[in-house]
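Below is the file target_24.cif, which contains mmCIF, C-alpha atoms (C1' of nucleotides).
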data_my_file
loop_
_atom_site.label_atom_id
_atom_site.label_comp_id
_atom_site.auth_asym_id
_atom_site.auth_seq_id
_atom_site.Cartn_x
_atom_site.Cartn_y
_atom_site.Cartn_z
CA MET A 102 57.24 -68.76 -14.99
CA SER A 103 57.44 -70.70 -18.18
CA ALA A 104 61.03 -70.35 -19.11
CA MET A 105 62.41 -71.12 -22.49
CA SER A 106 61.07 -74.62 -22.24
CA ARG A 107 58.58 -75.32 -24.96
CA GLY A 108 56.14 -76.86 -22.57
CA PRO A 109 53.05 -74.76 -21.91
CA GLN A 110 51.05 -73.38 -24.78
CA PRO A 111 52.24 -70.01 -25.95
CA THR A 112 48.72 -69.16 -26.92
CA GLU A 113 47.68 -68.85 -23.32
CA MET A 114 49.89 -65.90 -22.75
CA ALA A 115 48.62 -64.39 -25.97
CA ASP A 116 45.03 -65.03 -24.99
CA GLN A 117 45.55 -63.05 -21.86
CA LEU A 118 46.95 -60.18 -23.84
CA LEU A 119 44.11 -60.42 -26.32
CA ASP A 120 41.75 -59.44 -23.54
CA ASP A 121 43.86 -56.55 -22.34
CA GLU A 122 41.77 -53.60 -21.24
CA ARG A 123 44.03 -51.30 -23.15
CA LEU A 124 43.01 -52.87 -26.44
CA THR A 125 39.39 -52.39 -25.59
CA LEU A 126 39.97 -48.75 -24.78
CA ALA A 127 41.83 -48.19 -28.03
CA GLY A 128 39.04 -49.95 -29.89
CA LEU A 129 36.43 -47.75 -28.27
CA PHE A 130 38.41 -44.67 -29.25
CA ALA A 131 38.54 -45.77 -32.85
CA GLU A 132 34.93 -46.89 -33.11
CA SER A 133 33.46 -43.89 -31.39
CA TYR A 134 35.46 -41.37 -33.35
CA THR A 135 35.08 -43.05 -36.71
CA GLY A 136 31.38 -43.61 -36.24
CA LEU A 137 30.80 -40.07 -35.09
CA ARG A 138 32.86 -38.64 -37.91
CA GLY A 139 30.88 -40.58 -40.49
CA GLN A 140 27.61 -39.40 -39.03
CA LEU A 141 28.72 -35.76 -38.92
CA ASP A 142 30.04 -35.95 -42.46
CA ARG A 143 26.85 -37.39 -43.88
CA ARG A 144 24.71 -34.82 -42.13
CA MET A 145 26.93 -31.92 -43.17
CA LEU A 146 26.75 -33.10 -46.75
CA ALA A 147 23.00 -33.56 -46.62
CA GLU A 148 22.08 -30.33 -44.86
CA CYS A 149 24.84 -27.94 -45.82
CA ASN A 150 25.95 -29.40 -49.11
CA MET A 151 29.62 -29.65 -48.28
CA PRO A 152 31.91 -32.29 -46.84
CA LEU A 153 32.81 -32.04 -43.18
CA GLN A 154 36.42 -31.52 -44.20
CA TRP A 155 35.52 -28.27 -45.94
CA PHE A 156 33.70 -27.04 -42.90
CA VAL A 157 36.58 -27.88 -40.60
CA LEU A 158 39.08 -26.04 -42.76
CA LEU A 159 36.84 -23.01 -43.21
CA LEU A 160 36.19 -22.96 -39.48
CA ARG A 161 39.88 -22.94 -38.64
CA LEU A 162 40.38 -20.01 -40.95
CA ALA A 163 37.36 -18.17 -39.57
CA ARG A 164 38.74 -18.50 -36.05
CA SER A 165 42.21 -17.27 -37.01
CA PRO A 166 43.45 -13.69 -36.92
CA ASP A 167 42.57 -11.88 -40.13
CA ARG A 168 40.78 -15.04 -41.19
CA ARG A 169 43.88 -16.52 -42.74
CA LEU A 170 46.57 -19.02 -41.91
CA ARG A 171 49.80 -20.23 -43.41
CA MET A 172 49.47 -23.47 -45.31
CA SER A 173 51.91 -25.21 -43.02
CA ASP A 174 50.13 -24.04 -39.86
CA LEU A 175 46.82 -25.22 -41.23
CA ALA A 176 48.36 -28.57 -42.08
CA ASP A 177 49.65 -28.97 -38.54
CA GLN A 178 46.29 -28.12 -37.05
CA THR A 179 44.32 -30.55 -39.19
CA SER A 180 46.60 -33.59 -39.09
CA LEU A 181 46.90 -33.40 -42.85
CA THR A 182 50.21 -33.68 -44.65
CA PRO A 183 51.30 -30.69 -46.72
CA SER A 184 50.34 -32.69 -49.76
CA GLY A 185 46.85 -33.39 -48.55
CA LEU A 186 46.35 -29.79 -47.54
CA THR A 187 47.43 -28.49 -50.94
CA ARG A 188 44.74 -30.59 -52.61
CA ALA A 189 42.12 -29.63 -50.06
CA ILE A 190 42.84 -25.93 -50.51
CA ASP A 191 42.76 -26.45 -54.27
CA ARG A 192 39.20 -27.68 -53.98
CA LEU A 193 38.18 -24.82 -51.71
CA THR A 194 39.81 -22.34 -54.05
CA ASP A 195 37.93 -23.81 -57.00
CA ALA A 196 34.74 -23.29 -55.02
CA ARG A 197 35.75 -19.65 -54.37
CA LEU A 198 35.59 -20.17 -50.62
CA VAL A 199 39.30 -19.60 -50.05
CA GLU A 200 42.03 -17.59 -51.75
CA ARG A 201 45.76 -18.13 -51.81
CA VAL A 202 47.62 -15.01 -50.72
CA SER A 203 51.36 -14.95 -51.05
CA CYS A 204 53.23 -14.16 -47.89
CA PRO A 205 55.24 -10.94 -48.13
CA SER A 206 57.83 -11.93 -45.57
CA ASP A 207 58.57 -15.33 -47.08
CA ARG A 208 58.13 -15.71 -50.78
CA ARG A 209 57.92 -19.48 -50.53
CA GLY A 210 54.86 -19.28 -48.36
CA PHE A 211 51.16 -18.74 -48.87
CA PHE A 212 48.24 -17.87 -46.71
CA ALA A 213 44.95 -19.61 -47.15
CA ALA A 214 42.52 -16.72 -46.74
CA LEU A 215 38.78 -17.00 -46.29
CA THR A 216 36.69 -15.19 -48.91
CA ASP A 217 33.43 -13.45 -48.06
CA LYS A 218 31.62 -16.31 -49.69
CA GLY A 219 33.58 -18.73 -47.56
CA LEU A 220 32.70 -16.84 -44.41
CA ASP A 221 29.03 -16.94 -45.34
CA ARG A 222 29.21 -20.64 -45.97
CA VAL A 223 30.85 -21.47 -42.68
CA THR A 224 28.63 -19.24 -40.56
CA SER A 225 25.49 -20.63 -42.11
CA ALA A 226 26.71 -24.17 -41.47
CA LEU A 227 27.62 -23.42 -37.90
CA GLY A 228 24.15 -23.82 -36.43
CA PRO A 229 23.40 -27.12 -38.09
CA HIS A 230 26.80 -28.46 -37.15
CA LEU A 231 26.38 -27.58 -33.49
CA ARG A 232 23.07 -29.38 -33.58
CA HIS A 233 24.76 -32.42 -35.09
CA LEU A 234 27.37 -32.36 -32.36
CA ASP A 235 24.67 -32.30 -29.72
CA ASP A 236 22.82 -35.14 -31.39
CA GLY A 237 25.95 -37.12 -32.02
CA PHE A 238 27.50 -37.14 -28.58
CA LEU A 239 27.27 -34.00 -26.50
CA SER A 240 23.74 -34.67 -25.33
CA LEU A 241 24.89 -38.01 -23.96
CA LEU A 242 27.40 -36.41 -21.62
CA SER A 243 26.95 -34.41 -18.46
CA PRO A 244 28.80 -31.11 -18.22
CA GLU A 245 31.21 -32.84 -15.89
CA GLU A 246 31.87 -35.61 -18.39
CA GLN A 247 32.38 -33.06 -21.13
CA GLY A 248 34.98 -31.38 -18.97
CA GLN A 249 36.71 -34.66 -18.26
CA LEU A 250 36.74 -35.55 -21.93
CA ALA A 251 38.14 -32.17 -22.92
CA ALA A 252 40.92 -32.39 -20.35
CA ILE A 253 41.88 -35.91 -21.39
CA LEU A 254 41.78 -35.23 -25.11
CA ARG A 255 43.81 -32.08 -24.70
CA LYS A 256 46.55 -34.07 -23.03
CA ILE A 257 46.54 -36.57 -25.85
CA ARG A 258 46.44 -33.91 -28.55
CA ASP A 259 49.33 -31.98 -27.02
CA HIS A 260 51.33 -35.18 -26.89
CA VAL A 261 50.70 -36.56 -30.36
CA ASN A 262 50.63 -33.23 -32.14
CA PRO A 263 52.46 -30.55 -30.17
CA GLY A 264 52.47 -28.22 -33.13
CA ALA A 265 48.71 -27.83 -33.11
CA ALA A 266 48.62 -26.07 -29.77
CA ARG A 267 50.95 -23.31 -30.77
CA PRO A 268 50.21 -19.66 -30.04
CA PRO A 269 48.51 -17.61 -32.77
CA GLU A 270 51.88 -16.92 -34.40
CA PRO A 271 53.65 -13.57 -34.86
CA ILE A 272 51.09 -11.08 -35.98
CA PRO A 273 51.09 -9.84 -39.54
CA ASP A 274 50.70 -6.11 -39.31
CA ASP A 275 48.81 -4.84 -42.29
CA ASP A 276 50.46 -1.55 -43.15
CA ALA A 277 53.72 -2.30 -41.46
CA THR A 278 56.38 -2.12 -44.08
CA THR A 279 58.87 -3.96 -41.99
CA VAL A 280 60.29 -5.76 -44.96
CA ALA A 281 63.39 -3.78 -44.26
CA ALA A 282 65.81 -3.74 -47.09
CA SER A 283 69.24 -5.17 -46.68
CA MET B 203 36.86 -6.05 -46.48
CA SER B 204 35.94 -3.78 -43.57
CA ALA B 205 39.31 -4.03 -42.02
CA MET B 206 38.95 -0.78 -40.15
CA SER B 207 35.22 -0.75 -39.57
CA ARG B 208 34.13 -1.07 -36.00
CA GLY B 209 30.87 -1.37 -34.20
CA PRO B 210 28.12 -3.95 -34.12
CA GLN B 211 27.86 -6.29 -37.05
CA PRO B 212 25.96 -9.42 -37.83
CA THR B 213 29.24 -11.23 -37.62
CA GLU B 214 29.36 -10.74 -33.90
CA MET B 215 26.74 -13.34 -33.31
CA ALA B 216 28.68 -15.67 -35.53
CA ASP B 217 31.90 -14.79 -33.77
CA GLN B 218 30.36 -15.88 -30.52
CA LEU B 219 29.43 -19.18 -32.04
CA LEU B 220 32.87 -19.53 -33.54
CA ASP B 221 34.26 -19.65 -30.03
CA ASP B 222 31.75 -22.20 -28.81
CA GLU B 223 33.31 -24.68 -26.40
CA ARG B 224 31.62 -27.48 -28.25
CA LEU B 225 33.60 -26.79 -31.38
CA THR B 226 36.79 -26.88 -29.40
CA LEU B 227 35.85 -30.21 -27.90
CA ALA B 228 35.01 -31.66 -31.29
CA GLY B 229 38.28 -30.33 -32.63
CA LEU B 230 40.21 -31.95 -29.80
CA PHE B 231 38.46 -35.22 -30.51
CA ALA B 232 39.45 -35.10 -34.15
CA GLU B 233 43.02 -33.95 -33.62
CA SER B 234 43.80 -36.34 -30.82
CA TYR B 235 42.36 -39.37 -32.58
CA THR B 236 43.77 -38.60 -36.00
CA GLY B 237 47.19 -37.77 -34.63
CA LEU B 238 47.26 -40.88 -32.49
CA ARG B 239 46.09 -43.07 -35.32
CA GLY B 240 48.79 -41.78 -37.62
CA GLN B 241 51.44 -42.42 -35.02
CA LEU B 242 50.22 -45.94 -34.29
CA ASP B 243 50.00 -46.74 -37.98
CA ARG B 244 53.52 -45.56 -38.74
CA ARG B 245 54.96 -47.50 -35.83
CA MET B 246 53.04 -50.66 -36.68
CA LEU B 247 54.31 -50.47 -40.23
CA ALA B 248 57.86 -49.79 -39.14
CA GLU B 249 58.13 -52.42 -36.42
CA CYS B 250 55.69 -55.13 -37.49
CA ASN B 251 55.65 -54.58 -41.22
CA MET B 252 51.90 -54.30 -41.58
CA PRO B 253 49.38 -51.46 -41.61
CA LEU B 254 47.43 -50.80 -38.44
CA GLN B 255 44.28 -51.73 -40.29
CA TRP B 256 45.54 -55.26 -40.79
CA PHE B 257 46.34 -55.59 -37.14
CA VAL B 258 42.93 -54.30 -36.10
CA LEU B 259 41.12 -56.75 -38.32
CA LEU B 260 43.28 -59.69 -37.30
CA LEU B 261 42.82 -58.75 -33.66
CA ARG B 262 39.04 -58.73 -33.98
CA LEU B 263 39.14 -62.16 -35.47
CA ALA B 264 41.55 -63.46 -32.85
CA ARG B 265 39.20 -62.28 -30.11
CA SER B 266 36.15 -63.86 -31.68
CA PRO B 267 34.81 -67.35 -31.00
CA ASP B 268 36.54 -69.88 -33.22
CA ARG B 269 38.66 -67.03 -34.51
CA ARG B 270 36.20 -66.15 -37.21
CA LEU B 271 33.49 -63.62 -37.89
CA ARG B 272 30.88 -62.98 -40.51
CA MET B 273 31.84 -60.33 -43.02
CA SER B 274 28.90 -58.16 -42.06
CA ASP B 275 29.66 -58.40 -38.35
CA LEU B 276 33.24 -57.47 -38.96
CA ALA B 277 32.14 -54.53 -41.07
CA ASP B 278 29.91 -53.27 -38.29
CA GLN B 279 32.64 -53.55 -35.72
CA THR B 280 35.21 -51.68 -37.75
CA SER B 281 33.13 -48.83 -39.12
CA LEU B 282 33.92 -50.01 -42.61
CA THR B 283 31.32 -50.34 -45.32
CA PRO B 284 30.77 -53.80 -46.76
CA SER B 285 32.65 -52.63 -49.80
CA GLY B 286 35.65 -51.48 -47.86
CA LEU B 287 35.71 -54.66 -45.84
CA THR B 288 35.63 -56.86 -48.94
CA ARG B 289 38.75 -55.17 -50.26
CA ALA B 290 40.48 -55.31 -46.89
CA ILE B 291 39.80 -59.03 -46.54
CA ASP B 292 40.99 -59.50 -50.11
CA ARG B 293 44.34 -58.08 -49.13
CA LEU B 294 44.56 -60.21 -45.99
CA THR B 295 43.60 -63.28 -47.98
CA ASP B 296 46.31 -62.54 -50.52
CA ALA B 297 48.77 -62.40 -47.63
CA ARG B 298 47.46 -65.77 -46.39
CA LEU B 299 46.55 -64.31 -43.02
CA VAL B 300 42.81 -64.85 -43.44
CA GLU B 301 40.63 -67.35 -45.28
CA ARG B 302 37.11 -67.00 -46.54
CA VAL B 303 34.92 -69.81 -45.26
CA SER B 304 31.43 -70.13 -46.62
CA CYS B 305 28.69 -70.15 -44.04
CA PRO B 306 26.76 -73.42 -43.98
CA SER B 307 23.55 -71.92 -42.65
CA ASP B 308 23.39 -69.08 -45.17
CA ARG B 309 24.93 -69.64 -48.52
CA ARG B 310 25.17 -65.93 -49.25
CA GLY B 311 27.47 -65.41 -46.30
CA PHE B 312 31.12 -65.89 -45.56
CA PHE B 313 33.24 -66.05 -42.48
CA ALA B 314 36.57 -64.32 -42.38
CA ALA B 315 38.68 -66.91 -40.56
CA LEU B 316 42.13 -66.37 -39.15
CA THR B 317 44.82 -68.71 -40.48
CA ASP B 318 47.62 -70.03 -38.30
CA LYS B 319 49.94 -67.63 -40.00
CA GLY B 320 47.52 -64.80 -39.25
CA LEU B 321 47.38 -65.77 -35.60
CA ASP B 322 51.15 -65.78 -35.41
CA ARG B 323 51.30 -62.38 -37.00
CA VAL B 324 48.80 -60.79 -34.67
CA THR B 325 50.22 -62.31 -31.50
CA SER B 326 53.72 -61.23 -32.36
CA ALA B 327 52.50 -57.71 -33.06
CA LEU B 328 50.55 -57.54 -29.83
CA GLY B 329 53.44 -56.63 -27.57
CA PRO B 330 54.76 -53.83 -29.73
CA HIS B 331 51.28 -52.44 -30.21
CA LEU B 332 50.58 -52.33 -26.49
CA ARG B 333 53.83 -50.49 -26.06
CA HIS B 334 52.76 -48.02 -28.74
CA LEU B 335 49.46 -47.48 -26.97
CA ASP B 336 51.27 -46.74 -23.73
CA ASP B 337 53.63 -44.35 -25.46
CA GLY B 338 50.88 -42.73 -27.49
CA PHE B 339 48.39 -41.90 -24.78
CA LEU B 340 47.90 -44.40 -21.96
CA SER B 341 50.96 -43.31 -20.02
CA LEU B 342 49.57 -39.77 -19.96
CA LEU B 343 46.43 -40.81 -18.14
CA SER B 344 45.84 -41.91 -14.57
CA PRO B 345 43.89 -45.11 -14.05
CA GLU B 346 40.96 -42.93 -13.04
CA GLU B 347 41.18 -40.94 -16.26
CA GLN B 348 41.39 -44.13 -18.27
CA GLY B 349 38.20 -45.29 -16.62
CA GLN B 350 36.46 -42.01 -17.30
CA LEU B 351 37.55 -42.10 -20.92
CA ALA B 352 36.38 -45.67 -21.39
CA ALA B 353 32.98 -44.91 -19.89
CA ILE B 354 32.50 -41.82 -22.03
CA LEU B 355 33.67 -43.42 -25.25
CA ARG B 356 31.47 -46.43 -24.65
CA LYS B 357 28.43 -44.18 -24.43
CA ILE B 358 29.38 -42.50 -27.67
CA ARG B 359 30.15 -45.75 -29.43
CA ASP B 360 26.89 -47.34 -28.39
CA HIS B 361 25.06 -44.29 -29.68
CA VAL B 362 26.73 -43.83 -33.05
CA ASN B 363 27.18 -47.51 -33.79
CA PRO B 364 24.76 -49.66 -31.83
CA GLY B 365 25.53 -52.70 -33.94
CA ALA B 366 29.12 -52.90 -32.73
CA ALA B 367 28.16 -53.68 -29.15
CA ARG B 368 26.19 -56.78 -29.99
CA PRO B 369 26.69 -60.04 -28.15
CA PRO B 370 29.10 -62.58 -29.68
CA GLU B 371 26.27 -63.85 -31.85
CA PRO B 372 24.58 -67.25 -31.71
CA ILE B 373 27.34 -69.78 -31.67
CA PRO B 374 27.53 -72.46 -34.29
CA ASP B 375 27.80 -75.52 -32.05
CA ASP B 376 29.41 -77.29 -34.91
CA ASP B 377 32.31 -79.63 -34.58
CA ALA B 378 35.56 -77.84 -35.04
CA THR B 379 36.33 -79.74 -38.21
CA THR B 380 34.52 -77.61 -40.73
CA VAL B 381 37.35 -75.44 -41.92
CA ALA B 382 39.75 -78.05 -43.09
CA ALA B 383 38.76 -78.71 -46.66
CA SER B 384 40.03 -76.94 -49.74
"C1'" DC C 13 79.71 -13.41 -52.36
"C1'" DT C 14 79.32 -18.29 -52.68
"C1'" DT C 15 77.96 -22.57 -51.29
"C1'" DA C 16 75.60 -26.03 -48.54
"C1'" DG C 17 71.74 -27.25 -46.02
"C1'" DA C 18 66.95 -26.53 -44.32
"C1'" DT C 19 62.12 -25.34 -45.20
"C1'" DA C 20 57.35 -24.13 -47.92
"C1'" DA C 21 54.54 -25.76 -51.04
"C1'" DT C 22 53.44 -28.50 -55.02
"C1'" DT C 23 53.19 -32.73 -58.10
"C1'" DG C 24 53.29 -37.91 -59.72
"C1'" DC C 25 52.04 -42.07 -58.18
"C1'" DG C 26 49.72 -45.75 -55.88
"C1'" DC C 27 46.40 -47.17 -52.47
"C1'" DA C 28 42.19 -47.42 -49.60
"C1'" DC C 29 37.66 -45.99 -49.09
"C1'" DG C 30 32.44 -44.94 -49.94
"C1'" DC C 31 28.51 -44.97 -53.04
"C1'" DA C 32 25.57 -47.08 -56.23
"C1'" DA C 33 24.48 -51.01 -58.99
"C1'" DC C 34 24.48 -55.90 -59.22
"C1'" DG C 35 23.76 -61.08 -58.57
"C1'" DA C 36 22.87 -64.65 -55.35
"C1'" DC C 37 20.21 -66.16 -51.75
"C1'" DC C 38 16.80 -66.05 -47.89
"C1'" DT C 39 12.08 -64.92 -46.03
"C1'" DT C 40 7.37 -63.91 -46.07
"C1'" DC C 41 2.89 -63.51 -47.82
"C1'" DT C 42 -0.79 -65.18 -50.56
"C1'" DA D 85 4.44 -73.37 -55.05
"C1'" DG D 86 5.31 -68.61 -56.77
"C1'" DA D 87 6.18 -63.79 -56.43
"C1'" DA D 88 7.84 -59.71 -53.83
"C1'" DG D 89 11.02 -57.76 -51.04
"C1'" DG D 90 14.96 -57.81 -47.99
"C1'" DT D 91 19.81 -59.09 -46.89
"C1'" DC D 92 24.88 -60.63 -47.82
"C1'" DG D 93 28.71 -59.85 -50.26
"C1'" DT D 94 31.14 -58.22 -54.51
"C1'" DT D 95 32.37 -54.95 -58.30
"C1'" DG D 96 32.87 -50.32 -61.26
"C1'" DC D 97 33.70 -45.83 -60.56
"C1'" DG D 98 35.17 -41.60 -58.61
"C1'" DT D 99 37.52 -39.25 -54.75
"C1'" DG D 100 40.87 -38.09 -51.17
"C1'" DC D 101 45.04 -39.08 -48.92
"C1'" DG D 102 50.20 -40.11 -47.87
"C1'" DC D 103 54.89 -40.83 -49.51
"C1'" DA D 104 58.73 -39.53 -52.17
"C1'" DA D 105 60.73 -36.49 -55.40
"C1'" DT D 106 60.91 -31.57 -57.10
"C1'" DT D 107 61.21 -26.45 -57.33
"C1'" DA D 108 61.77 -22.12 -55.21
"C1'" DT D 109 63.27 -19.71 -51.44
"C1'" DC D 110 65.35 -18.79 -46.94
"C1'" DT D 111 69.37 -19.24 -43.68
"C1'" DA D 112 73.98 -20.26 -42.08
"C1'" DA D 113 78.95 -20.95 -42.72
"C1'" DG D 114 83.24 -20.05 -45.04
#

Target encoding structure tokens, full file:
Amino acid sequence: MSAMSRGPQPTEMADQLLDDERLTLAGLFAESYTGLRGQLDRRMLAECNMPLQWFVLLLRLARSPDRRLRMSDLADQTSLTPSGLTRAIDRLTDARLVERVSCPSDRRGFFAALTDKGLDRVTSALGPHLRHLDDGFLSLLSPEEQGQLAAILRKIRDHVNPGAARPPEPIPDDDATTVAAS
Amino acid sequence: MSAMSRGPQPTEMADQLLDDERLTLAGLFAESYTGLRGQLDRRMLAECNMPLQWFVLLLRLARSPDRRLRMSDLADQTSLTPSGLTRAIDRLTDARLVERVSCPSDRRGFFAALTDKGLDRVTSALGPHLRHLDDGFLSLLSPEEQGQLAAILRKIRDHVNPGAARPPEPIPDDDATTVAAS
DNA sequence: CTTAGATAATTGCGCACGCAACGACCTTCT
DNA sequence: AGAAGGTCGTTGCGTGCGCAATTATCTAAG
């Protein structure tokens, strides 16, 4: 084709690329997610009086064994940096929805542990949120499409954030005093 | 609390809901998009020396008739508020990649218009970005899956942000000479 | 035991965003 | 024409996040 000669307009090649399907797909991904997220956030705030971020964090904890998770695990699962997670947990702690519990096996580490109040909050927000999800996109999709979407997104998630798919982690046994001395 | 209590509890209903497939799907949506976005942003910054947001805005303009768009249209298409868009265009204007052009038919309005420098920047970033998209998720998906994803996301986008799908807007059949002056 | 290197979580700093309030302008109704 | 109300874009303010540096602790090597 056009070799290094400066003849044909370089913009033509670029114009072709500007219409690339892949860009459109990436744009749809961004617009659909961002738009949906905004909608869900506004409705969570209006109906349940908390930001969507709070709900997501509380939900992760509620679904975890013993309703607690290491800070670093929670960070991995939420695509937040350790820094961002520290601040987020600060806010939840101030609201008495989460407590920091120091980890006995690693004195650097902390668990974020759901309080009773936090559990109440998240369970009472669950119904509204599921309704918002239906309104926001689930009702648009057939069961088959939902399955396709889940399969595709899982592939992407596992690829961009392998840490998030990890197994529930070595179990903390309550009365096990395995902190064997030296 | 009742660490050793067994038997039926009101939490059981909630526990069922906590495992709802819909929550998992929503979580996958969030994790996959956020993780992908972070990856794309870091690579754009590293290889092309600009934030992904800049590239997205410049790309929208490059794909628009006469390489310009009304501020409000651009805001709709990017899920930014008018406020956020004003600041973003400020930054691009400071970098001489975009110019504000007042709209002759509505003196309240402005076009964001791509400069030559801006066009260069976006076209030179196009190749790397497409490579990042392939690396980030497209290479994981069969053509069929890409089609399914596009169809599904388009439904969601049209539902959560109907304004973004609008036709290219009534064209100003002006002569192309309007931009030149100061 | 001692030392060097990795890892968990936090903090200072700067940046980008949304909301609400505002001024400028357009549109419609009387 | 004149007034009322809506729309376009910008600004003040507060918030949330990521990056880089820091402290405390764990782990590995000599």

Compute the set of chain A residues within 7 Å of chain B, using only C-alpha atoms, and express it as a PyMOL selection string. chain A and resi 115+119+126+129-130+132-133+135-137+164+179-180+224+237-238+250-251+254-255+257-258+261-262

Do you know which residues the PyMOL selection byres ((chain B) within 10 of (chain D)) returns on this file, as a PyMOL selection string? chain B and resi 272-274+284-285+287-289+308-312

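Going from CA of Asp318 in chain B to CA of Ile291 in chain B covers 15.8 Å.
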
Pairwise distance, CA of Asp268 in chain B with CA of Arg298 in chain B, equals 17.6 Å

Going by the chain IDs and residue numbers used in this file, which residues fall under the PyMOL selection byres ((chain C) within 8 of (chain A))? Write them as number ranges by chain. C: 20-22

Given identical sequences, what C-alpha RMSD separates chain B from chain A after least-squares superposition over all Cα in order?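 Across all paired C-alpha atoms, the RMSD is 5.3 Å.
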
What does the distance between CA of Ser304 in chain B and CA of Gly286 in chain B come to in Å, to one decimal place? 19.2 Å

For Arg269 in chain B, list every protein, DNA or RNA residue within 9 Å, evaluated using only C-alpha atoms (C1' of nucleotides), and leave out those in the same chain fewer than 6 positions away; present the list as a PyMOL selection string. chain B and resi 262-263+314-317+321
